[in-house]
>>> print(open('model_25.txt').read())   # compact mmCIF, C-alpha atoms
# COMPACT_ATOMS: atom_id res chain seq x y z
CA MET A 1304 0.00 0.00 0.00
CA ASN A 1305 1.55 3.33 -1.01
CA THR A 1306 1.65 6.48 1.10
CA ILE A 1307 -1.07 8.26 -0.89
CA THR A 1308 -3.45 5.31 -0.51
CA LYS A 1309 -2.85 5.12 3.24
CA ARG A 1310 -3.60 8.82 3.59
CA LEU A 1311 -6.76 8.53 1.50
CA PHE A 1312 -8.33 5.59 3.36
CA PRO A 1313 -9.19 7.51 6.57
CA SER A 1314 -10.61 10.42 4.55
CA ILE A 1315 -12.76 8.12 2.44
CA SER A 1316 -14.02 6.32 5.56
CA LYS A 1317 -14.96 9.60 7.29
CA PHE A 1318 -16.75 10.79 4.13
CA LEU A 1319 -18.82 7.60 4.03
CA LEU A 1320 -19.69 7.86 7.71
CA LYS A 1321 -20.87 11.43 7.28
CA TYR A 1322 -22.91 11.03 4.12
CA HIS A 1323 -24.11 7.42 4.24
CA VAL A 1324 -24.90 6.83 7.87
CA ASN A 1325 -28.37 5.49 7.04
CA ASN A 1326 -27.24 3.33 4.13
CA ARG A 1327 -25.54 -0.05 4.19
CA THR A 1328 -22.09 0.92 2.96
CA PHE A 1329 -18.71 0.04 4.44
CA SER A 1330 -18.94 2.08 7.58
CA SER A 1331 -22.59 1.31 8.32
CA VAL A 1332 -21.61 -2.14 9.55
CA LYS A 1333 -22.83 -1.02 12.96
CA ASN A 1334 -26.40 -0.58 11.68
CA VAL A 1335 -26.90 -4.14 10.45
CA SER A 1336 -27.30 -5.64 13.92
CA ASN A 1337 -30.46 -4.68 15.81
CA ASN A 1338 -29.10 -5.12 19.32
CA ASN A 1339 -25.99 -5.86 21.35
CA LYS A 1340 -26.45 -9.64 21.41
CA GLU A 1341 -23.39 -11.63 20.42
CA ILE A 1342 -22.92 -12.17 16.70
CA ILE A 1343 -21.44 -15.56 15.86
CA VAL A 1344 -18.64 -15.37 13.29
CA LEU A 1345 -18.08 -18.57 11.30
CA GLY A 1346 -15.80 -19.92 8.61
CA HIS A 1347 -16.81 -22.98 6.59
CA ARG A 1348 -16.92 -26.65 7.57
CA ASN A 1349 -13.63 -28.58 7.46
CA PRO A 1350 -11.90 -25.24 8.08
CA ASP A 1351 -8.59 -24.26 6.55
CA THR A 1352 -6.30 -21.49 7.79
CA ASP A 1353 -8.18 -18.70 5.98
CA ALA A 1354 -11.52 -19.81 7.46
CA ILE A 1355 -10.25 -19.90 11.04
CA THR A 1356 -8.13 -16.77 10.94
CA ALA A 1357 -10.86 -14.84 9.12
CA ALA A 1358 -13.34 -15.69 11.88
CA ILE A 1359 -10.91 -14.51 14.56
CA VAL A 1360 -9.86 -11.36 12.71
CA TYR A 1361 -13.37 -10.34 11.62
CA SER A 1362 -14.56 -10.72 15.22
CA ASP A 1363 -11.81 -8.31 16.24
CA PHE A 1364 -12.85 -5.91 13.47
CA LEU A 1365 -16.52 -6.00 14.51
CA ARG A 1366 -15.63 -5.42 18.15
CA GLN A 1367 -13.63 -2.35 17.12
CA MET A 1368 -16.81 -1.21 15.34
CA ASN A 1369 -18.65 -1.62 18.70
CA ILE A 1370 -20.40 -4.83 17.62
CA ASN A 1371 -20.35 -7.74 20.06
CA ALA A 1372 -18.87 -10.67 18.10
CA LYS A 1373 -17.22 -14.02 18.82
CA ALA A 1374 -15.47 -16.48 16.51
CA TYR A 1375 -16.43 -20.16 16.40
CA ARG A 1376 -15.33 -23.07 14.22
CA LEU A 1377 -17.14 -25.82 12.29
CA GLY A 1378 -14.53 -28.56 12.51
CA ASP A 1379 -11.10 -29.56 13.71
CA LEU A 1380 -8.06 -27.45 12.88
CA ASN A 1381 -5.38 -28.70 10.52
CA ASN A 1382 -1.75 -28.76 11.66
CA GLU A 1383 -0.85 -25.60 9.78
CA THR A 1384 -3.56 -23.60 11.55
CA LYS A 1385 -2.59 -25.08 14.91
CA PHE A 1386 1.03 -24.04 14.28
CA ILE A 1387 0.00 -20.48 13.43
CA LEU A 1388 -2.22 -20.03 16.50
CA LYS A 1389 0.38 -21.57 18.81
CA THR A 1390 3.15 -19.36 17.39
CA ILE A 1391 1.23 -16.16 18.09
CA ASP A 1392 -0.34 -17.50 21.33
CA ILE A 1393 -4.01 -17.34 20.33
CA LYS A 1394 -6.51 -19.93 21.54
CA GLU A 1395 -8.40 -21.78 18.84
CA PRO A 1396 -12.07 -20.78 18.54
CA GLU A 1397 -14.60 -22.96 20.30
CA MET A 1398 -16.57 -25.51 18.31
CA LEU A 1399 -20.00 -24.14 17.46
CA PRO A 1400 -22.56 -25.72 19.86
CA ASP A 1401 -25.46 -27.71 18.41
CA ASN A 1402 -28.15 -25.82 20.32
CA ILE A 1403 -27.90 -22.39 18.68
CA PRO A 1404 -31.34 -20.70 18.98
CA ASN A 1405 -33.25 -19.86 15.82
CA GLY A 1406 -32.81 -16.24 14.79
CA THR A 1407 -29.27 -15.95 16.17
CA GLU A 1408 -27.22 -13.36 14.28
CA ILE A 1409 -24.48 -14.92 12.14
CA ALA A 1410 -21.55 -13.49 10.23
CA LEU A 1411 -20.13 -15.76 7.52
CA VAL A 1412 -16.50 -15.52 6.46
CA ASP A 1413 -14.69 -17.38 3.67
CA HIS A 1414 -17.93 -18.96 2.41
CA ASN A 1415 -21.53 -18.13 1.53
CA GLU A 1416 -23.05 -21.49 0.57
CA SER A 1417 -25.40 -23.20 3.02
CA GLN A 1418 -24.04 -26.71 2.41
CA GLN A 1419 -20.60 -25.52 3.53
CA SER A 1420 -21.92 -23.79 6.64
CA MET A 1421 -23.62 -24.60 9.94
CA LYS A 1422 -26.69 -26.78 10.18
CA ASN A 1423 -30.00 -24.90 10.10
CA LEU A 1424 -28.37 -21.79 8.65
CA ASN A 1425 -31.73 -20.96 7.04
CA LYS A 1426 -33.20 -20.58 10.54
CA MET A 1427 -30.56 -18.06 11.60
CA ARG A 1428 -30.31 -14.34 10.84
CA VAL A 1429 -27.27 -13.82 8.64
CA THR A 1430 -26.15 -10.20 9.02
CA HIS A 1431 -22.66 -10.13 7.45
CA VAL A 1432 -20.79 -11.99 4.71
CA ILE A 1433 -17.09 -11.49 3.88
CA ASP A 1434 -15.89 -13.84 1.15
CA HIS A 1435 -13.80 -14.34 -1.97
CA HIS A 1436 -15.75 -17.21 -3.55
CA LYS A 1437 -18.59 -17.18 -6.08
CA LEU A 1438 -22.09 -16.39 -4.91
CA GLY A 1439 -23.85 -19.42 -3.51
CA ASP A 1440 -27.44 -20.11 -2.47
CA LEU A 1441 -27.61 -17.71 0.47
CA THR A 1442 -30.88 -15.80 0.85
CA THR A 1443 -31.94 -13.47 3.66
CA SER A 1444 -35.16 -11.81 4.77
CA ASP A 1445 -33.43 -8.50 5.56
CA PRO A 1446 -30.73 -6.42 3.86
CA ILE A 1447 -27.27 -7.43 5.11
CA TYR A 1448 -23.68 -6.26 4.94
CA ILE A 1449 -22.02 -8.34 2.22
CA ARG A 1450 -18.60 -7.97 0.65
CA ILE A 1451 -17.28 -10.42 -1.91
CA GLU A 1452 -14.19 -9.72 -4.00
CA PRO A 1453 -12.25 -11.86 -6.53
CA VAL A 1454 -9.04 -11.90 -4.49
CA GLY A 1455 -6.75 -14.66 -3.25
CA CYS A 1456 -8.21 -15.02 0.22
CA THR A 1457 -10.60 -13.49 2.74
CA ALA A 1458 -7.67 -12.06 4.71
CA THR A 1459 -6.99 -9.63 1.86
CA ILE A 1460 -10.52 -8.20 2.13
CA LEU A 1461 -10.26 -7.96 5.91
CA THR A 1462 -7.01 -6.02 5.63
CA LYS A 1463 -8.77 -3.54 3.35
CA LEU A 1464 -11.69 -3.22 5.78
CA TYR A 1465 -9.38 -2.20 8.63
CA CYS A 1466 -7.70 0.40 6.43
CA GLU A 1467 -10.94 1.78 5.01
CA ASN A 1468 -12.31 2.30 8.51
CA ASN A 1469 -9.01 3.62 9.91
CA LEU A 1470 -8.86 0.86 12.52
CA ASN A 1471 -5.82 -0.51 14.27
CA ILE A 1472 -4.39 -3.86 13.17
CA ASP A 1473 -2.45 -5.19 16.15
CA GLN A 1474 0.48 -7.59 15.91
CA LYS A 1475 -1.55 -10.75 16.45
CA MET A 1476 -4.19 -9.85 13.89
CA ALA A 1477 -1.51 -8.85 11.37
CA PHE A 1478 0.26 -12.17 11.98
CA LEU A 1479 -2.97 -14.07 11.28
CA LEU A 1480 -3.68 -12.06 8.14
CA ILE A 1481 -0.19 -12.65 6.73
CA SER A 1482 -0.37 -16.36 7.51
CA ALA A 1483 -3.77 -16.73 5.83
CA ILE A 1484 -2.56 -14.96 2.70
CA LEU A 1485 0.47 -17.23 2.52
CA SER A 1486 -1.64 -20.33 3.09
CA ASP A 1487 -4.37 -19.57 0.58
CA THR A 1488 -2.28 -18.10 -2.24
CA LEU A 1489 1.18 -19.72 -1.71
CA HIS A 1490 2.57 -16.20 -2.23
CA PHE A 1491 2.74 -13.00 -0.24
CA ARG A 1492 2.26 -9.53 -1.65
CA ALA A 1493 0.90 -7.54 1.32
CA GLU A 1494 4.14 -5.98 2.52
CA TYR A 1495 2.08 -3.43 4.44
CA LEU A 1496 1.37 -6.08 7.12
CA ILE A 1497 4.94 -7.32 7.72
CA PRO A 1498 6.08 -4.58 10.15
CA LEU A 1499 2.75 -4.82 11.99
CA ALA A 1500 3.13 -8.59 12.44
CA LYS A 1501 6.82 -8.25 13.43
CA ILE A 1502 7.85 -11.25 11.33
CA ASP A 1503 11.61 -11.09 10.79
CA ASP A 1504 11.83 -13.71 8.03
CA ILE A 1505 8.66 -14.17 5.97
CA THR A 1506 10.22 -16.97 3.89
CA SER A 1507 11.13 -18.95 7.00
CA HIS A 1508 7.65 -18.44 8.43
CA ALA A 1509 6.05 -19.70 5.20
CA LYS A 1510 8.35 -22.74 5.17
CA GLN A 1511 7.39 -23.65 8.73
CA MET A 1512 3.70 -23.23 7.92
CA PHE A 1513 3.89 -25.50 4.89
CA GLU A 1514 5.91 -28.11 6.78
CA ALA A 1515 3.25 -28.14 9.50
CA LYS A 1516 0.54 -28.51 6.85
CA SER A 1517 2.42 -31.44 5.29
CA ASP A 1518 2.75 -33.35 8.57
CA LEU A 1519 -0.02 -35.95 8.33
CA GLN A 1520 1.51 -38.43 10.75
CA GLY A 1521 -1.24 -39.96 12.85
CA PHE A 1522 -4.01 -38.79 10.50
CA SER A 1523 -6.47 -41.41 9.26
CA SER A 1524 -7.34 -41.56 5.57
CA GLN A 1525 -10.74 -40.07 6.40
CA GLN A 1526 -9.14 -37.15 8.23
CA ILE A 1527 -6.82 -36.46 5.28
CA LEU A 1528 -9.70 -36.60 2.79
CA LEU A 1529 -11.86 -34.22 4.82
CA LEU A 1530 -9.17 -31.76 5.97
CA ASP A 1531 -9.97 -29.32 3.17
CA TYR A 1532 -13.17 -30.70 1.69
CA LYS A 1533 -16.28 -29.05 0.28
CA THR A 1534 -19.43 -30.26 -1.44
CA TYR A 1535 -20.88 -28.72 -4.60
CA SER A 1536 -24.08 -29.16 -6.55
CA PHE A 1537 -23.76 -29.79 -10.29
CA ASN A 1538 -27.05 -30.26 -12.17
CA ASN A 1539 -28.77 -30.98 -8.84
CA GLU A 1540 -26.29 -33.75 -7.98
CA THR A 1541 -23.82 -33.49 -5.12
CA TRP A 1542 -20.08 -33.92 -5.58
CA GLY A 1543 -17.37 -33.83 -2.94
CA ILE A 1544 -14.10 -32.05 -3.81
CA GLY A 1545 -11.20 -32.36 -1.40
CA THR A 1546 -7.65 -31.02 -1.58
CA GLY A 1547 -4.50 -31.92 0.32
CA GLU A 1548 -1.58 -29.51 0.15
CA THR A 1549 1.86 -30.91 0.91
CA CYS A 1550 5.58 -30.30 0.57
CA ASN A 1551 6.10 -34.06 0.22
CA ILE A 1552 3.69 -35.43 -2.35
CA LYS A 1553 5.48 -38.80 -2.38
CA LYS A 1554 4.34 -39.41 1.19
CA MET A 1555 0.75 -38.68 0.23
CA LEU A 1556 0.99 -40.90 -2.85
CA GLU A 1557 2.07 -43.77 -0.59
CA ARG A 1558 -1.44 -43.62 0.88
CA LYS A 1559 -3.20 -43.59 -2.50
CA ASP A 1560 -4.96 -46.94 -2.10
CA GLU A 1561 -6.36 -46.20 1.35
CA LEU A 1562 -7.47 -42.73 0.19
CA LEU A 1563 -9.28 -44.25 -2.80
CA LYS A 1564 -10.99 -46.69 -0.47
CA GLU A 1565 -12.03 -43.85 1.81
CA MET A 1566 -13.39 -41.91 -1.17
CA HIS A 1567 -15.65 -44.85 -2.01
CA GLU A 1568 -16.85 -44.92 1.60
CA GLU A 1569 -17.52 -41.17 1.63
CA LYS A 1570 -19.62 -41.51 -1.54
CA LYS A 1571 -21.76 -44.17 0.10
CA ARG A 1572 -22.06 -42.36 3.43
CA ASN A 1573 -23.34 -39.14 1.90
CA ASN A 1574 -24.97 -40.40 -1.30
CA LEU A 1575 -22.59 -38.43 -3.52
CA LYS A 1576 -22.72 -38.62 -7.28
CA GLY A 1577 -18.95 -38.18 -7.47
CA ILE A 1578 -15.88 -37.37 -5.43
CA LEU A 1579 -12.39 -36.06 -6.23
CA PHE A 1580 -9.28 -35.51 -4.13
CA SER A 1581 -6.49 -33.27 -5.40
CA MET A 1582 -3.00 -33.75 -3.98
CA ILE A 1583 -1.30 -30.36 -4.34
CA ASP A 1584 2.49 -30.12 -4.38
CA ILE A 1585 3.05 -26.74 -2.71
CA ILE A 1586 6.67 -26.46 -3.88
CA LYS A 1587 6.18 -27.40 -7.54
CA GLU A 1588 2.60 -26.06 -7.68
CA LYS A 1589 1.36 -29.26 -9.28
CA ASN A 1590 -1.94 -31.12 -8.93
CA LEU A 1591 -2.37 -34.91 -8.99
CA THR A 1592 -6.06 -35.80 -8.55
CA LEU A 1593 -7.35 -39.17 -7.37
CA ILE A 1594 -10.10 -40.72 -9.52
CA PRO A 1595 -12.03 -43.49 -7.70
CA ASP A 1596 -14.60 -44.66 -10.29
CA ASP A 1597 -15.66 -44.59 -13.91
CA ILE A 1598 -18.03 -41.65 -13.48
CA GLU A 1599 -15.27 -39.42 -12.10
CA GLU A 1600 -12.91 -40.60 -14.84
CA LYS A 1601 -15.39 -39.67 -17.57
CA VAL A 1602 -16.02 -36.21 -16.10
CA VAL A 1603 -12.35 -35.38 -15.48
CA ARG A 1604 -11.25 -36.58 -18.92
CA GLN A 1605 -13.76 -34.34 -20.65
CA ALA A 1606 -13.66 -31.36 -18.29
CA PHE A 1607 -9.87 -31.07 -18.16
CA LYS A 1608 -8.84 -32.84 -21.37
CA VAL A 1609 -6.41 -35.15 -19.54
CA ASP A 1610 -5.68 -38.86 -19.38
CA ILE A 1611 -6.06 -40.96 -16.23
CA LYS A 1612 -3.52 -43.62 -15.28
CA ASN A 1613 -3.77 -45.84 -12.21
CA HIS A 1614 -6.62 -43.73 -10.80
CA ILE A 1615 -4.56 -40.50 -11.03
CA ALA A 1616 -5.20 -37.49 -13.26
CA ASP A 1617 -2.32 -35.09 -13.73
CA LEU A 1618 -4.01 -31.67 -13.74
CA GLY A 1619 -0.72 -29.84 -14.07
CA SER A 1620 -0.63 -26.37 -12.54
CA ARG A 1621 -4.34 -26.26 -11.72
CA VAL A 1622 -3.85 -25.85 -7.97
CA SER A 1623 -6.80 -23.59 -7.10
CA ARG A 1624 -10.07 -25.37 -6.45
CA LYS A 1625 -11.93 -22.05 -6.47
CA LYS A 1626 -10.45 -20.59 -9.67
CA GLN A 1627 -9.39 -23.62 -11.73
CA ILE A 1628 -11.15 -26.82 -10.62
CA ILE A 1629 -14.74 -25.81 -9.87
CA PRO A 1630 -15.16 -23.47 -12.90
CA ALA A 1631 -14.01 -26.25 -15.27
CA LEU A 1632 -16.44 -28.71 -13.68
CA GLU A 1633 -19.28 -26.18 -13.80
CA GLU A 1634 -18.63 -25.56 -17.50
CA TYR A 1635 -18.64 -29.31 -18.19
CA PHE A 1636 -21.92 -29.93 -16.37
CA HIS A 1637 -23.48 -26.87 -18.00
CA ARG A 1638 -22.78 -28.46 -21.39
CA GLN A 1639 -24.48 -31.67 -20.22
CA SER A 1640 -27.66 -29.96 -19.02
>>> encode(input="model_25.txt", output="structure tokens")
Amino acid sequence: MNTITKRLFPSISKFLLKYHVNNRTFSSVKNVSNNNKEIIVLGHRNPDTDAITAAIVYSDFLRQMNINAKAYRLGDLNNETKFILKTIDIKEPEMLPDNIPNGTEIALVDHNESQQSMKNLNKMRVTHVIDHHKLGDLTTSDPIYIRIEPVGCTATILTKLYCENNLNIDQKMAFLLISAILSDTLHFRAEYLIPLAKIDDITSHAKQMFEAKSDLQGFSSQQILLLDYKTYSFNNETWGIGTGETCNIKKMLERKDELLKEMHEEKKRNNLKGILFSMIDIIKEKNLTLIPDDIEEKVVRQAFKVDIKNHIADLGSRVSRKKQIIPALEEYFHRQS
């Protein structure tokens, strides 16, 4: 962020507060909630680093905007996220309880599709959405604060929100934001945050994060499959798409047979039409995707124009599920409809 931009952000924010106090623009976040009850801030199921850190950071942002907010999680943390929280001495968010009352105010981060969110989301009152994915099936009965941008991760949007509203980003929040950007994009371009986070060696920090993510010792095949796993609807049929990022893809390939077996089990358990699991080599930025059955083989062959050998499709540099995998599948199924 250059000097001119930093100087402009506070001025823009003050202008919006003055002239749009009754409208739902950036700085009217305060007006979305009707009372001072706690807003629950949630990332998606099977949370990755961006989902967990976004929930923590957005809760901090809302509290600075005088909105009572608390972060929760919808699944166990992966080793990378645990490493990040332990390094900066932040407790992991509590698991969302099952007995959330109907009408509870909810803020969604890093997702906006009901099948990736909490149970009974349609009975809650969603008041905020901060995301970088495509629009899903979310509907609300009232106007809400929603911000979706085509950027690498939710942390990028959150950084902009702090700046636009002239709010303080403390060391811990900056550390979480940097870590999420590194995790979700495999690159880092937000130099503005480095001095705030007080990270001396960003390359070393990234290396330690990726090594923690790659450590799957003690994980069952089901845990590996579901670590970063989402479901999608294509032509009214549900598919499961999982990804596993690693610095040591050979270790993950050694578990190919048990992962394929687990994929078959997951299809049966949840009545899926198809399921895919992409093994992502973080270092080489390469994708090897496991193909369990004939239906997945047919779809992947035609959607990505690749061959399948020994239940593996080499998808080359297609490492982003959001930008490269799902759009290709959506285009394929659109042609079939």
>>> residues_around(input="model_25.txt", residues="stretch 1532-1540 of chain A", least_positions_apart="3", cutoff="8 Å", atoms="all atoms listed in the file", output="PyMOL selection string")
chain A and resi 1348-1349+1418-1419+1528-1529+1543-1546+1575-1576+1633+1636-1637+1640
>>> write_last_selection(input="model_25.txt", atoms="C-alpha atoms", output="PDB file, keeping the file's coordinate frame")
ATOM      1  CA  ARG A1348     -16.920 -26.650   7.570  1.00  0.00           C
ATOM      2  CA  ASN A1349     -13.630 -28.580   7.460  1.00  0.00           C
ATOM      3  CA  GLN A1418     -24.040 -26.710   2.410  1.00  0.00           C
ATOM      4  CA  GLN A1419     -20.600 -25.520   3.530  1.00  0.00           C
ATOM      5  CA  LEU A1528      -9.700 -36.600   2.790  1.00  0.00           C
ATOM      6  CA  LEU A1529     -11.860 -34.220   4.820  1.00  0.00           C
ATOM      7  CA  GLY A1543     -17.370 -33.830  -2.940  1.00  0.00           C
ATOM      8  CA  ILE A1544     -14.100 -32.050  -3.810  1.00  0.00           C
ATOM      9  CA  GLY A1545     -11.200 -32.360  -1.400  1.00  0.00           C
ATOM     10  CA  THR A1546      -7.650 -31.020  -1.580  1.00  0.00           C
ATOM     11  CA  LEU A1575     -22.590 -38.430  -3.520  1.00  0.00           C
ATOM     12  CA  LYS A1576     -22.720 -38.620  -7.280  1.00  0.00           C
ATOM     13  CA  GLU A1633     -19.280 -26.180 -13.800  1.00  0.00           C
ATOM     14  CA  PHE A1636     -21.920 -29.930 -16.370  1.00  0.00           C
ATOM     15  CA  HIS A1637     -23.480 -26.870 -18.000  1.00  0.00           C
ATOM     16  CA  SER A1640     -27.660 -29.960 -19.020  1.00  0.00           C
TER      17      SER A1640
END
>>> closest_residue(input="model_25.txt", among="A:Ala1616, A:Leu1365, A:Ala1458, A:Leu1632", to="A:Trp1542", atoms="all atoms listed in the file")
A:Leu1632
>>> closest_atom_pairs(input="model_25.txt", of="stretch 1470-1530 of chain A", to="stretch 1378-1390 of chain A", cutoff="9 Å", atoms="only C-alpha atoms", output="CSV")
residue,atom,partner,partner_atom,distance
A:Phe1478,CA,A:Ile1387,CA,8.4
A:Leu1479,CA,A:Ile1387,CA,7.4
A:Ser1482,CA,A:Ile1387,CA,7.2
A:Ala1483,CA,A:Thr1384,CA,8.9
A:Ser1486,CA,A:Glu1383,CA,8.6
A:Gln1511,CA,A:Phe1386,CA,8.5
A:Met1512,CA,A:Glu1383,CA,5.5
A:Phe1513,CA,A:Glu1383,CA,6.8
A:Glu1514,CA,A:Glu1383,CA,7.8
A:Ala1515,CA,A:Glu1383,CA,4.8
A:Lys1516,CA,A:Glu1383,CA,4.4
A:Ser1517,CA,A:Glu1383,CA,8.1
A:Asp1518,CA,A:Asn1382,CA,7.1
A:Leu1519,CA,A:Asn1382,CA,8.1
A:Leu1530,CA,A:Asn1381,CA,6.7
>>> axis_aligned_box(input="model_25.txt", around="stretch 1470-1475 of chain A", padding_each_side="6 Å", output="JSON")
{"center_x": -4.2, "center_y": -4.9, "center_z": 14.5, "size_x": 21.3, "size_y": 23.6, "size_z": 15.9}
>>> atom_distance(input="model_25.txt", atom1="atom CA of A:Lys1426", atom2="atom CA of A:Asp1413")
20.0 Å
>>> closest_atom_pairs(input="model_25.txt", of="stretch 1416-1531 of chain A", to="stretch 1617-1630 of chain A", cutoff="10 Å", atoms="only C-alpha atoms", output="JSON lines")
{"residue": "A:His1435", "atom": "CA", "partner": "A:Lys1625", "partner_atom": "CA", "distance": 9.1}
{"residue": "A:His1436", "atom": "CA", "partner": "A:Lys1625", "partner_atom": "CA", "distance": 6.8}
{"residue": "A:Lys1437", "atom": "CA", "partner": "A:Lys1625", "partner_atom": "CA", "distance": 8.3}
{"residue": "A:Pro1453", "atom": "CA", "partner": "A:Lys1626", "partner_atom": "CA", "distance": 9.5}
{"residue": "A:Gly1455", "atom": "CA", "partner": "A:Lys1626", "partner_atom": "CA", "distance": 9.5}
{"residue": "A:Asp1487", "atom": "CA", "partner": "A:Ser1623", "partner_atom": "CA", "distance": 9.0}
{"residue": "A:Thr1488", "atom": "CA", "partner": "A:Ser1623", "partner_atom": "CA", "distance": 8.6}
>>> closest_residue(input="model_25.txt", among="A:Met1368, A:Ile1598, A:Leu1424, A:Leu1556", to="A:Leu1464", atoms="all atoms listed in the file")
A:Met1368
>>> closest_residue(input="model_25.txt", among="A:Ser1581, A:Asn1551, A:Asn1415, A:Gln1367", to="A:Asp1531", atoms="all atoms listed in the file")
A:Ser1581
>>> atom_distance(input="model_25.txt", atom1="atom CA of A:Cys1550", atom2="atom CA of A:Leu1591")
13.3 Å
>>> atom_distance(input="model_25.txt", atom1="atom CA of A:Lys1608", atom2="atom CA of A:Glu1634")
12.8 Å
>>> residues_around(input="model_25.txt", residues="A:Ile1403", least_positions_apart="3", cutoff="10 Å", atoms="all atoms listed in the file", output="PyMOL selection string")
chain A and resi 1343+1399-1400+1406-1407+1421-1423+1426-1427
